[in-house]
>>> print(open('target-v1.txt').read())   # compact mmCIF, C-alpha atoms
# COMPACT_ATOMS: atom_id res chain seq x y z
CA MET A 1237 119.50 107.34 106.24
CA GLN A 1238 122.17 107.19 108.90
CA GLN A 1239 121.15 104.05 110.78
CA ALA A 1240 119.76 101.92 107.97
CA LEU A 1241 121.83 103.07 104.98
CA HIS A 1242 124.87 104.11 107.03
CA TYR A 1243 125.10 107.56 105.48
CA THR A 1244 127.15 110.19 107.24
CA ALA A 1245 125.37 113.16 108.76
CA VAL A 1246 126.47 115.33 105.83
CA GLN A 1247 125.27 112.77 103.27
CA SER A 1248 121.93 112.53 105.06
CA GLY A 1249 121.57 116.29 105.14
CA LEU A 1250 122.41 116.58 101.45
CA GLY A 1251 119.90 113.81 100.78
CA PHE A 1252 117.14 116.18 101.84
CA LEU A 1253 118.31 119.00 99.55
CA PRO A 1254 115.95 117.83 96.75
CA LEU A 1255 113.04 118.26 99.21
CA THR A 1256 113.97 121.92 99.59
CA LEU A 1257 114.38 122.41 95.85
CA SER A 1258 111.03 120.81 95.07
CA ALA A 1259 109.42 122.96 97.77
CA LEU A 1260 110.83 126.05 96.05
CA LEU A 1261 109.28 124.86 92.79
CA GLY A 1262 105.96 124.23 94.55
CA ALA A 1263 105.94 127.74 95.98
CA LYS A 1264 106.53 129.11 92.48
CA LEU A 1265 103.60 127.11 91.07
CA VAL A 1266 101.00 128.03 93.69
CA ASN A 1267 99.55 131.06 91.88
CA ARG A 1268 99.01 129.08 88.68
CA VAL A 1269 97.38 126.19 90.54
CA LEU A 1270 95.20 128.60 92.54
CA SER A 1271 94.04 130.30 89.36
CA ALA A 1272 93.13 126.98 87.82
CA PHE A 1273 91.63 125.12 90.80
CA GLY A 1274 90.81 127.63 93.55
CA ILE A 1275 91.76 127.23 97.19
CA ALA A 1276 90.03 123.88 97.84
CA GLY A 1277 91.45 122.32 94.69
CA THR A 1278 94.92 123.65 95.39
CA LEU A 1279 94.94 122.45 99.00
CA GLY A 1280 93.53 119.10 97.93
CA SER A 1281 96.03 118.65 95.13
CA GLY A 1282 98.93 119.60 97.39
CA MET A 1283 97.84 117.08 100.01
CA ALA A 1284 97.31 114.45 97.31
CA LEU A 1285 100.87 115.07 96.11
CA GLY A 1286 102.06 114.71 99.70
CA ALA A 1287 100.18 111.42 100.05
CA ALA A 1288 101.66 110.16 96.79
CA GLY A 1289 105.15 111.12 97.96
CA PHE A 1290 104.62 109.34 101.28
CA MET A 1291 103.36 106.24 99.49
CA LEU A 1292 106.48 106.22 97.33
CA LEU A 1293 108.57 106.52 100.47
CA THR A 1294 106.92 103.38 101.90
CA GLN A 1295 108.89 101.43 99.29
CA LEU A 1296 112.16 102.30 100.98
CA SER A 1297 114.46 99.45 101.83
CA HIS A 1298 117.41 99.13 104.15
CA HIS A 1299 119.29 97.99 101.03
CA GLY A 1300 118.14 101.04 99.09
CA THR A 1301 120.03 104.02 97.78
CA PHE A 1302 119.55 107.75 97.68
CA PHE A 1303 117.79 107.38 94.34
CA GLY A 1304 115.13 105.27 96.03
CA PHE A 1305 114.31 108.27 98.23
CA LEU A 1306 114.37 110.81 95.44
CA PRO A 1307 110.92 110.42 93.80
CA GLY A 1308 109.06 110.40 97.12
CA ILE A 1309 111.01 113.31 98.53
CA LEU A 1310 110.52 115.41 95.38
CA ILE A 1311 106.77 114.81 95.22
CA ALA A 1312 106.23 115.28 98.98
CA GLY A 1313 108.22 118.54 98.94
CA LEU A 1314 106.21 119.87 96.04
CA GLY A 1315 102.96 119.02 97.82
CA GLN A 1316 104.10 120.53 101.13
CA ALA A 1317 104.97 123.85 99.54
CA ILE A 1318 101.64 124.01 97.74
CA VAL A 1319 99.72 123.24 100.95
CA PHE A 1320 101.63 125.56 103.26
CA THR A 1321 101.52 128.52 100.89
CA THR A 1322 97.84 127.99 100.10
CA MET A 1323 96.79 127.67 103.74
CA PHE A 1324 98.18 131.14 104.43
CA ILE A 1325 96.40 132.50 101.36
CA ALA A 1326 93.16 130.83 102.48
CA ALA A 1327 93.54 132.25 105.98
CA GLY A 1328 93.92 135.79 104.66
CA THR A 1329 91.20 135.64 102.01
CA GLY A 1330 88.20 137.75 102.97
CA ILE A 1331 89.80 138.99 106.19
CA GLU A 1332 89.81 142.70 106.96
CA PRO A 1333 93.30 144.23 106.66
CA LYS A 1334 93.34 145.09 110.37
CA ASP A 1335 92.79 141.40 111.21
CA GLN A 1336 95.40 139.93 108.83
CA GLY A 1337 98.02 139.65 111.59
CA VAL A 1338 95.67 137.70 113.85
CA SER A 1339 94.65 135.42 110.98
CA SER A 1340 98.28 134.72 110.09
CA ALA A 1341 99.16 134.09 113.73
CA ILE A 1342 96.33 131.59 114.12
CA VAL A 1343 97.46 129.66 111.05
CA SER A 1344 101.10 129.77 112.17
CA THR A 1345 100.15 128.51 115.62
CA GLY A 1346 98.01 125.76 114.13
CA GLN A 1347 100.88 124.75 111.85
CA GLN A 1348 103.32 124.59 114.76
CA ILE A 1349 100.94 122.63 117.00
CA GLY A 1350 99.95 120.35 114.13
CA SER A 1351 103.59 119.67 113.32
CA ALA A 1352 104.40 118.84 116.93
CA VAL A 1353 101.38 116.57 117.34
CA GLY A 1354 101.98 114.95 113.95
CA LEU A 1355 105.61 114.27 114.77
CA ALA A 1356 104.61 112.81 118.14
CA ILE A 1357 102.10 110.49 116.45
CA ILE A 1358 104.61 109.40 113.83
CA MET A 1359 107.30 108.74 116.44
CA ALA A 1360 104.78 106.80 118.55
CA ILE A 1361 104.07 104.61 115.51
CA VAL A 1362 107.76 104.11 114.78
CA THR A 1363 108.44 103.25 118.41
CA ALA A 1364 105.43 100.95 118.77
CA ALA A 1365 106.31 99.09 115.57
CA ALA A 1366 109.87 98.52 116.75
CA THR A 1367 110.85 95.72 119.03
CA ALA A 1368 110.00 96.61 122.63
CA ASP A 1369 113.13 95.08 124.14
CA SER A 1370 115.59 97.64 122.77
CA ALA A 1371 115.87 101.34 121.99
CA LEU A 1372 115.22 102.64 118.48
CA GLU A 1373 118.92 103.24 118.03
CA ALA A 1374 119.58 99.52 118.67
CA GLN A 1375 117.02 98.29 116.12
CA THR A 1376 118.18 96.32 113.12
CA PRO A 1377 118.00 98.21 109.83
CA GLU A 1378 115.17 95.88 108.77
CA MET A 1379 113.05 96.66 111.85
CA LEU A 1380 113.77 100.37 111.68
CA THR A 1381 112.84 100.48 107.98
CA HIS A 1382 109.61 98.59 108.67
CA SER A 1383 108.70 101.02 111.44
CA ILE A 1384 109.39 104.03 109.23
CA GLN A 1385 107.32 102.50 106.41
CA LEU A 1386 104.35 102.29 108.79
CA ALA A 1387 104.86 105.94 109.67
CA PHE A 1388 104.78 106.88 105.97
CA TYR A 1389 101.57 104.89 105.47
CA THR A 1390 100.06 106.79 108.39
CA SER A 1391 101.27 110.13 106.99
CA ALA A 1392 99.73 109.28 103.62
CA ALA A 1393 96.43 108.41 105.31
CA PHE A 1394 96.38 111.73 107.18
CA ALA A 1395 97.16 113.58 103.94
CA LEU A 1396 94.26 111.83 102.20
CA ILE A 1397 91.97 112.79 105.07
CA GLY A 1398 93.20 116.35 104.51
CA VAL A 1399 92.17 116.13 100.85
CA ILE A 1400 88.65 115.16 101.89
CA VAL A 1401 88.46 117.88 104.54
CA ALA A 1402 89.71 120.52 102.09
CA PHE A 1403 86.99 119.68 99.59
CA ILE A 1404 84.23 119.43 102.19
CA MET A 1405 85.15 122.60 104.06
CA LEU A 1406 86.14 124.77 101.11
CA ARG A 1407 84.25 123.44 98.09
CA ASN A 1408 81.49 126.05 98.32
CA LYS A 1409 84.01 128.87 98.48
CA LYS A 1410 85.03 129.27 94.85
CA THR A 1411 87.90 131.50 95.85
CA SER A 1412 91.01 131.86 93.81
CA ALA A 1413 94.15 133.93 93.96
CA LYS A 1414 92.58 136.44 91.52
CA GLN A 1415 89.82 137.49 93.92
>>> encode(input="target-v1.txt", output="structure tokens")
Amino acid sequence: MQQALHYTAVQSGLGFLPLTLSALLGAKLVNRVLSAFGIAGTLGSGMALGAAGFMLLTQLSHHGTFFGFLPGILIAGLGQAIVFTTMFIAAGTGIEPKDQGVSSAIVSTGQQIGSAVGLAIIMAIVTAAATADSALEAQTPEMLTHSIQLAFYTSAAFALIGVIVAFIMLRNKKTSAKQ
């Protein structure tokens, strides 16, 4: 937003406010989705929403506007909230009360490590796609946008892999929020 669209830091920060608002909506919807689809279906649908949001974000252009970001950000935020909330529910389902803290800690640690590794992979893609003879900050808006589009394609692919894993690993566990 800042380098390609020349937004100020405040404008860029406000540009991500819809992500937060859609995540709040996603967190509110989790119980309904869990009741309807169970844990595997909820995780899968959240990751599918994330993939759809990332695919929409691949259409970004260095000539774009905030409204070009909006659909992708809204859908990705909704999916993220559904996935993150559901993974904690899944981790605590069927666990003895005395082991709930350990279960939550394992999921939190996995989330933190996964976020760090995921960010490193995405930044490696952005950096590798950029011209090697200059720093990312010196890239033209066109090159930077292209690099970021590749990162969104990769993020969408990982989210789709997550959909498959959720259904394979959890499909036999017909667990829902009611149980």
>>> residues_around(input="target-v1.txt", residues="Phe1394 (chain A)", least_positions_apart="5", cutoff="12 Å", atoms="only C-alpha atoms", output="ChimeraX atom specification")
/A:1283-1284,1286-1288,1290-1291,1350,1354,1357-1358,1387-1389,1399-1401
>>> closest_residue(input="target-v1.txt", among="A:Ser1339, A:Ser1383, A:Ser1344, A:Thr1322", to="Leu1265 (chain A)", atoms="only C-alpha atoms")
A:Thr1322
>>> closest_residue(input="target-v1.txt", among="A:His1382, A:Glu1373, A:Pro1307, A:Gly1300", to="Pro1254 (chain A)", atoms="all atoms listed in the file")
A:Pro1307
>>> closest_residue(input="target-v1.txt", among="A:Gly1398, A:Pro1377, A:Gly1330, A:Gly1262", to="Ala1312 (chain A)", atoms="all atoms listed in the file")
A:Gly1262
>>> residues_around(input="target-v1.txt", residues="Ala1259 (chain A)", least_positions_apart="6", cutoff="9 Å", atoms="all atoms listed in the file", output="PDB file with C-alpha atoms, keeping the file's coordinate frame")
ATOM      1  CA  LEU A1310     110.520 115.410  95.380  1.00  0.00           C
ATOM      2  CA  ILE A1311     106.770 114.810  95.220  1.00  0.00           C
ATOM      3  CA  ALA A1312     106.230 115.280  98.980  1.00  0.00           C
ATOM      4  CA  GLY A1313     108.220 118.540  98.940  1.00  0.00           C
ATOM      5  CA  LEU A1314     106.210 119.870  96.040  1.00  0.00           C
ATOM      6  CA  GLY A1315     102.960 119.020  97.820  1.00  0.00           C
ATOM      7  CA  GLN A1316     104.100 120.530 101.130  1.00  0.00           C
ATOM      8  CA  ALA A1317     104.970 123.850  99.540  1.00  0.00           C
ATOM      9  CA  ILE A1318     101.640 124.010  97.740  1.00  0.00           C
TER      10      ILE A1318
END
>>> residues_near_point(input="target-v1.txt", point="(110.8, 102.8, 101.8)", cutoff="10 Å", atoms="all atoms listed in the file", output="MDAnalysis selection string")
chainID A and resid 1290:1300 1304:1305 1308 1381:1382 1384:1386 1388
>>> closest_residue(input="target-v1.txt", among="A:Phe1302, A:Phe1273, A:Gln1336, A:Ala1392", to="His1242 (chain A)", atoms="all atoms listed in the file")
A:Phe1302
>>> atom_distance(input="target-v1.txt", atom1="CA of Ala1276 (chain A)", atom2="CA of Leu1396 (chain A)")
13.5 Å
>>> atom_distance(input="target-v1.txt", atom1="CA of Val1246 (chain A)", atom2="CA of Ser1258 (chain A)")
19.6 Å
>>> closest_residue(input="target-v1.txt", among="A:Ala1364, A:Ala1327, A:Leu1255, A:Leu1260", to="Leu1306 (chain A)", atoms="all atoms listed in the file")
A:Leu1255
>>> closest_residue(input="target-v1.txt", among="A:Ala1374, A:Ile1342, A:Ile1349, A:Met1405", to="Phe1324 (chain A)", atoms="all atoms listed in the file")
A:Ile1342
>>> axis_aligned_box(input="target-v1.txt", around="region 1321-1336 of chain A", padding_each_side="3 Å", output="AutoDock Vina command-line options")
--center_x 94.9 --center_y 136.4 --center_z 105.7 --size_x 19.3 --size_y 23.4 --size_z 17.1
